[in-house]
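Enquirer: If you scroll down you'll find the structure; I have some questions about it.
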Amino acid sequence: MSFRIGATVLLDCNGKALQSYSFQTKRVLGCIKNVLFFLNAYKVDEIHLIIPLKGKGVNTSKTLAGLKDTPISTPLSVGGGVDSVSLIEITKDPYFERLIFNSSIFDDNEVIKQATLKMGHQAIVGYIPFILKKNTIKIYHSKRNKFIDVSDKFWENLNSICNEVILLDANAEGGGKGFNFKVFQFFNFPINRVLISGGLTKLDISKAKEMKLAGVSLDNITLHSEFSIRGLR
Amino acid sequence: MLINIIDVGLGNIGSIEHWVKSCQLSPKRVTNVSQLTNDPIIIPGVASAGEYMDRLSSLKLDKEIIKKYQSGQKIIGICLGFQIMMNYSEEDSGVRCLGLLNGATKYIKDKKTHNGWEDFKVDTRKVKHNAFFSKKKQKKVDGRVYFNHELMVELVEDTSAHILSNGITSHVFKDNIFGMQFHPEKSQQTGQDLLKLII
């Protein structure tokens, strides 16, 4: 199976696509439908559409509802504030193949169990933004809006409930300084089910291929150098 | 041409509609038996076999699809739609399915899943005994297709299936049936080329 070159797009509650830098600065990019349309035309292997929660409540089903008629033929994963209520609405006629979870991985896994029943285990993706600090890994918890320490049990649980994970280098996000591969010293998950994201360079992508990761999810670079997708394969 | 899309309130109907429209064909959502026409029928994917078969049965669409198959109408199954063409599925603690193809749907061994892109080639001149390719100018599709599933089809004594190197059945052409485990509606240009080839 081929190594996947995906793209991450952030979406705000007004239907605008956002660019994010170092997990802090956000810049409005434009209409999300146009962004999806272009990524589809660039033939990325998959699109990861994330609504950044950052401690706030969002109406996920309402935010996503306007996208249903976007005519794309590229695999789509969506995430950000998916709870039991929004899950029912957004899985009625899913125009996406997979669901992305963050907060639900840490605390109550019930919504992930419901999603697995509705869409299958293959549809469950964990979203793991991280920072490395003093030789430890800290993982972002979106409901609490902070990076926290995690135990061995977290990795065990992640492995059992998520089919794949997107591992995001939060410090490198949006830039071009490179992904911090040291994370794999602290990360306990089968690497053939990992996609990496955050500041990826061409060298990083080659390294990810060599490591036999599942793929990469490019951030801002995709929309700045759109014709590069084929060259990255 | 009109394309019947089975709509029991489950599955990615919107994406299938877009796929059909992108090939200048007309999708028609079929929610009950009286709406079915004599045009090709698509059974879509993205749901669980138990719930899907329950709804098909309660709407009597299961028996109607079997009748249409027996009368020679083209039936196209995508992902779950392909899996429920078998006699039986292991999903949801075991489900009796349509039995259009002799085989069973089973979980991929060791709780593995199959996500991503695989090469795809079909040459109509090498596919025998099927209703899909008569009088077609286009003879080949060559590209890549997108898979996303945790169950797989195992056909009994059927040489018409295309099996991937990992043992997963990618697709099968048999008589008036075309079943595919991948998602043509999310396979970009290859998916569109394939629909133009089979319709």
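Chain lettering (A, B, ...) mirrors the order of the structure tokens, residue numbering begins at 1 for each chain separately, and ligand numbering begins at 1 in order of display.
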What's the 8 Å shell around Asn148 (chain B), counting only C-alpha atoms, without same-chain residues fewer than 2 positions away, as an mmCIF file with C-alpha atoms, in the first residue's frame?
Expert:
```cif
data_model
loop_
_atom_site.group_PDB
_atom_site.id
_atom_site.type_symbol
_atom_site.label_atom_id
_atom_site.label_comp_id
_atom_site.auth_asym_id
_atom_site.auth_seq_id
_atom_site.Cartn_x
_atom_site.Cartn_y
_atom_site.Cartn_z
ATOM 1 C CA GLU A 97 -14.748 8.463 5.631
ATOM 2 C CA GLN A 122 -11.121 1.781 10.490
ATOM 3 C CA ALA A 123 -12.839 5.185 10.749
ATOM 4 C CA THR B 113 -7.696 -2.636 8.910
ATOM 5 C CA HIS B 114 -6.941 -1.642 5.336
ATOM 6 C CA ASN B 115 -6.639 2.110 4.767
ATOM 7 C CA GLY B 116 -5.106 3.794 1.800
ATOM 8 C CA TYR B 146 -8.932 4.210 -2.126
ATOM 9 C CA GLU B 150 -11.989 -3.613 8.484
ATOM 10 C CA PHE B 182 -12.670 0.231 -2.509
ATOM 11 C CA HIS B 183 -14.430 3.598 -2.703
#
```
Enquirer: Would you give me, as JSON lines, each residue of chain A having an atom within 7 Å of an atom of chain B, along with its shortest atom pair and that distance in Å to one decimal, using only C-alpha atoms and sorting by chain and residue number?
Expert:
```
{"residue": "A:Met1", "atom": "CA", "partner": "B:Glu118", "partner_atom": "CA", "distance": 5.6}
{"residue": "A:Ser2", "atom": "CA", "partner": "B:Trp117", "partner_atom": "CA", "distance": 5.9}
{"residue": "A:Pro71", "atom": "CA", "partner": "B:His18", "partner_atom": "CA", "distance": 6.0}
{"residue": "A:Ser73", "atom": "CA", "partner": "B:Lys186", "partner_atom": "CA", "distance": 4.3}
{"residue": "A:Thr74", "atom": "CA", "partner": "B:Lys186", "partner_atom": "CA", "distance": 4.9}
{"residue": "A:Pro75", "atom": "CA", "partner": "B:Lys186", "partner_atom": "CA", "distance": 5.4}
{"residue": "A:Lys92", "atom": "CA", "partner": "B:Leu10", "partner_atom": "CA", "distance": 6.4}
{"residue": "A:Asp93", "atom": "CA", "partner": "B:Asn12", "partner_atom": "CA", "distance": 5.1}
{"residue": "A:Pro94", "atom": "CA", "partner": "B:Asn12", "partner_atom": "CA", "distance": 5.0}
{"residue": "A:Tyr95", "atom": "CA", "partner": "B:Ser15", "partner_atom": "CA", "distance": 5.6}
{"residue": "A:Lys118", "atom": "CA", "partner": "B:Ala47", "partner_atom": "CA", "distance": 6.1}
{"residue": "A:Met119", "atom": "CA", "partner": "B:Ala47", "partner_atom": "CA", "distance": 5.5}
{"residue": "A:His121", "atom": "CA", "partner": "B:Glu150", "partner_atom": "CA", "distance": 6.9}
{"residue": "A:Gln122", "atom": "CA", "partner": "B:His149", "partner_atom": "CA", "distance": 5.7}
```
Enquirer: Leaving out Ile163 (chain B) and any residue of its chain fewer than 4 positions from it, which residues lie within 12 Å of it when counting only C-alpha atoms, given as a compact mmCIF listing (two decimals) with C-alpha atoms, in the first residue's frame?
Expert:
```
# COMPACT_ATOMS: atom_id res chain seq x y z
CA GLU B 118 -3.79 0.60 -4.09
CA ASP B 119 -2.99 0.32 -7.79
CA PHE B 120 -5.98 -0.56 -9.95
CA LYS B 121 -6.11 -1.91 -13.48
CA MET B 152 -13.19 -8.32 3.76
CA VAL B 153 -15.00 -10.51 1.29
CA GLU B 154 -14.08 -14.16 0.80
CA LEU B 155 -15.66 -15.65 -2.30
CA ASP B 158 -14.76 -17.82 -7.82
CA THR B 159 -12.02 -17.02 -10.27
CA GLY B 167 -5.14 -11.30 0.32
CA ILE B 168 -7.97 -8.77 0.22
CA THR B 169 -10.57 -9.05 -2.52
CA SER B 170 -10.47 -5.75 -4.39
CA HIS B 171 -13.35 -6.28 -6.81
CA VAL B 172 -15.31 -8.82 -8.79
CA MET B 180 -15.79 -3.41 -5.21
CA GLN B 181 -14.24 -3.16 -1.78
```
Enquirer: Excluding Lys126 (chain B) and residues on its chain fewer than 3 positions from it, collect all residues at most 10 Å away from it, counting only C-alpha atoms, and give them as a VMD selection string.
Expert: chain B and resid 122 to 123 139 to 140
Enquirer: Write the residues you've just listed into a file as a PDB file, in the first residue's frame, and include all heavy atoms for each of them.
Expert:
```pdb
ATOM      1  N   VAL B 122      -7.980  -2.406 -14.903  1.00  0.00           N
ATOM      2  CA  VAL B 122      -8.955  -3.328 -15.477  1.00  0.00           C
ATOM      3  C   VAL B 122      -8.889  -3.191 -16.997  1.00  0.00           C
ATOM      4  O   VAL B 122      -8.804  -2.090 -17.530  1.00  0.00           O
ATOM      5  CB  VAL B 122     -10.378  -3.096 -14.912  1.00  0.00           C
ATOM      6  CG1 VAL B 122     -10.929  -1.741 -15.259  1.00  0.00           C
ATOM      7  CG2 VAL B 122     -11.344  -4.179 -15.388  1.00  0.00           C
ATOM      8  N   ASP B 123      -8.861  -4.337 -17.650  1.00  0.00           N
ATOM      9  CA  ASP B 123      -8.862  -4.389 -19.104  1.00  0.00           C
ATOM     10  C   ASP B 123     -10.092  -5.207 -19.499  1.00  0.00           C
ATOM     11  O   ASP B 123     -10.151  -6.411 -19.231  1.00  0.00           O
ATOM     12  CB  ASP B 123      -7.564  -5.061 -19.588  1.00  0.00           C
ATOM     13  CG  ASP B 123      -7.462  -5.059 -21.114  1.00  0.00           C
ATOM     14  OD1 ASP B 123      -8.518  -4.957 -21.777  1.00  0.00           O
ATOM     15  OD2 ASP B 123      -6.339  -5.165 -21.629  1.00  0.00           O
ATOM     16  N   LYS B 139     -11.449   0.652 -23.280  1.00  0.00           N
ATOM     17  CA  LYS B 139     -11.159  -0.740 -22.924  1.00  0.00           C
ATOM     18  C   LYS B 139     -10.448  -0.888 -21.580  1.00  0.00           C
ATOM     19  O   LYS B 139     -10.455  -1.959 -21.000  1.00  0.00           O
ATOM     20  CB  LYS B 139     -10.268  -1.391 -24.001  1.00  0.00           C
ATOM     21  CG  LYS B 139     -10.882  -1.415 -25.396  1.00  0.00           C
ATOM     22  CD  LYS B 139     -12.072  -2.335 -25.465  1.00  0.00           C
ATOM     23  CE  LYS B 139     -12.656  -2.372 -26.867  1.00  0.00           C
ATOM     24  NZ  LYS B 139     -14.027  -2.935 -26.862  1.00  0.00           N
ATOM     25  N   LYS B 140      -9.824   0.179 -21.107  1.00  0.00           N
ATOM     26  CA  LYS B 140      -8.969   0.036 -19.924  1.00  0.00           C
ATOM     27  C   LYS B 140      -9.180   1.172 -18.928  1.00  0.00           C
ATOM     28  O   LYS B 140      -9.476   2.299 -19.326  1.00  0.00           O
ATOM     29  CB  LYS B 140      -7.493   0.108 -20.343  1.00  0.00           C
ATOM     30  CG  LYS B 140      -6.914  -1.130 -20.925  1.00  0.00           C
ATOM     31  CD  LYS B 140      -5.434  -0.863 -21.161  1.00  0.00           C
ATOM     32  CE  LYS B 140      -4.761  -2.007 -21.870  1.00  0.00           C
ATOM     33  NZ  LYS B 140      -3.351  -1.699 -22.142  1.00  0.00           N
TER      34      LYS B 140
END
```
Enquirer: Set the distance at 12 Å and use only C-alpha atoms: which residues neighbour Leu213 (chain A) once local chain neighbours fewer than 5 positions away are removed? I'd like the list as a ChimeraX atom specification.
Expert: /A:1-5,164-167,181,184,189-197,204-208
Enquirer: My list of candidates is B:Val95, B:Asn4, B:Phe173, B:Lys128. Which is closest to Lys68 (chain B) when distances are computed with only C-alpha atoms?
Expert: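 Checking each of B:Val95, B:Asn4, B:Phe173, B:Lys128 against Lys68 (chain B), counting only C-alpha atoms, the winner is B:Asn4.
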Enquirer: Just want the 6 Å neighbourhood of region 160-162 of chain A, counted on only C-alpha atoms, with same-chain residues fewer than 5 positions away dropped. Output as a PyMOL selection string.
Expert: chain A and resi 124-126
Enquirer: Show which residues sit within 6 Å of Leu76 (chain A), as a count of residues only. Count only C-alpha atoms, and ignore same-chain residues fewer than 3 positions away.
Expert: 4
Enquirer: Between CA of Pro52 (chain A) and CA of Glu110 (chain A), what is the distance in Å, rounded to a tenth?
Expert: 20.8 Å
Enquirer: Pick out each residue of region 19-141 of chain B that DSSP on the backbone tags as helix (DSSP H, G or I); I need them as a ChimeraX atom specification.
Expert: /B:19-22,33-35,49-58,61-70,80-83,91-93,109-111,124-126
Enquirer: Would you save the residues of that selection, restricted to C-alpha atoms, as a PDB file, in the first residue's frame?
Expert:
```pdb
ATOM      1  CA  TRP B  19     -19.568  10.709  -8.244  1.00  0.00           C
ATOM      2  CA  VAL B  20     -22.471   9.857 -10.543  1.00  0.00           C
ATOM      3  CA  LYS B  21     -23.065  13.498 -11.488  1.00  0.00           C
ATOM      4  CA  SER B  22     -19.364  14.021 -12.206  1.00  0.00           C
ATOM      5  CA  VAL B  33     -39.551  -0.487  -3.932  1.00  0.00           C
ATOM      6  CA  SER B  34     -41.871   1.522  -6.178  1.00  0.00           C
ATOM      7  CA  GLN B  35     -39.086   4.009  -7.001  1.00  0.00           C
ATOM      8  CA  ALA B  49     -24.105  -4.751   7.825  1.00  0.00           C
ATOM      9  CA  GLY B  50     -26.677  -5.570  10.524  1.00  0.00           C
ATOM     10  CA  GLU B  51     -28.382  -2.189  10.542  1.00  0.00           C
ATOM     11  CA  TYR B  52     -28.200  -1.925   6.749  1.00  0.00           C
ATOM     12  CA  MET B  53     -29.759  -5.347   6.135  1.00  0.00           C
ATOM     13  CA  ASP B  54     -32.486  -4.616   8.719  1.00  0.00           C
ATOM     14  CA  ARG B  55     -33.478  -1.455   6.873  1.00  0.00           C
ATOM     15  CA  LEU B  56     -33.312  -3.099   3.453  1.00  0.00           C
ATOM     16  CA  SER B  57     -35.538  -5.856   4.758  1.00  0.00           C
ATOM     17  CA  SER B  58     -38.080  -3.573   6.435  1.00  0.00           C
ATOM     18  CA  LEU B  61     -35.756  -3.680  -0.930  1.00  0.00           C
ATOM     19  CA  ASP B  62     -33.688  -6.804  -0.234  1.00  0.00           C
ATOM     20  CA  LYS B  63     -36.082  -9.066  -2.140  1.00  0.00           C
ATOM     21  CA  GLU B  64     -36.507  -6.507  -4.902  1.00  0.00           C
ATOM     22  CA  ILE B  65     -32.745  -6.192  -5.431  1.00  0.00           C
ATOM     23  CA  ILE B  66     -32.498 -10.003  -5.698  1.00  0.00           C
ATOM     24  CA  LYS B  67     -35.340  -9.997  -8.266  1.00  0.00           C
ATOM     25  CA  LYS B  68     -33.661  -7.266 -10.278  1.00  0.00           C
ATOM     26  CA  TYR B  69     -30.403  -9.218 -10.215  1.00  0.00           C
ATOM     27  CA  GLN B  70     -32.168 -12.362 -11.421  1.00  0.00           C
ATOM     28  CA  LEU B  80     -20.415  -2.418   2.534  1.00  0.00           C
ATOM     29  CA  GLY B  81     -22.659  -2.652  -0.536  1.00  0.00           C
ATOM     30  CA  PHE B  82     -20.222  -5.254  -1.902  1.00  0.00           C
ATOM     31  CA  GLN B  83     -19.964  -7.066   1.435  1.00  0.00           C
ATOM     32  CA  GLU B  91     -20.268  -8.008  11.387  1.00  0.00           C
ATOM     33  CA  ASP B  92     -22.763  -7.223  14.178  1.00  0.00           C
ATOM     34  CA  SER B  93     -22.461 -10.774  15.590  1.00  0.00           C
ATOM     35  CA  LYS B 109      -7.241 -11.218  10.472  1.00  0.00           C
ATOM     36  CA  ASP B 110      -5.545  -9.953  13.668  1.00  0.00           C
ATOM     37  CA  LYS B 111      -7.966  -7.005  13.947  1.00  0.00           C
ATOM     38  CA  THR B 124     -12.332  -5.199 -20.393  1.00  0.00           C
ATOM     39  CA  ARG B 125     -10.912  -7.623 -22.958  1.00  0.00           C
ATOM     40  CA  LYS B 126      -9.678  -9.847 -20.138  1.00  0.00           C
TER      41      LYS B 126
END
```
Enquirer: In Å, rounded to a single decimal, give me how far CA of Asp142 (chain B) is from CA of Lys106 (chain B).
Expert: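 These atoms are spaced 28.2 Å apart.
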Enquirer: Rank nothing, just name the residue among B:Gln138, B:Thr190, B:Asn87, B:Asn176 nearest to Ile75 (chain B), using only C-alpha atoms.
Expert: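 Looking only at the distances to Ile75 (chain B), the closest residue turns out to be B:Asn176.
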Enquirer: Hey, can you check how far CA of Leu11 (chain A) sits from CA of Phe179 (chain A)?
Expert: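 Interatomic distance here is 22.7 Å.
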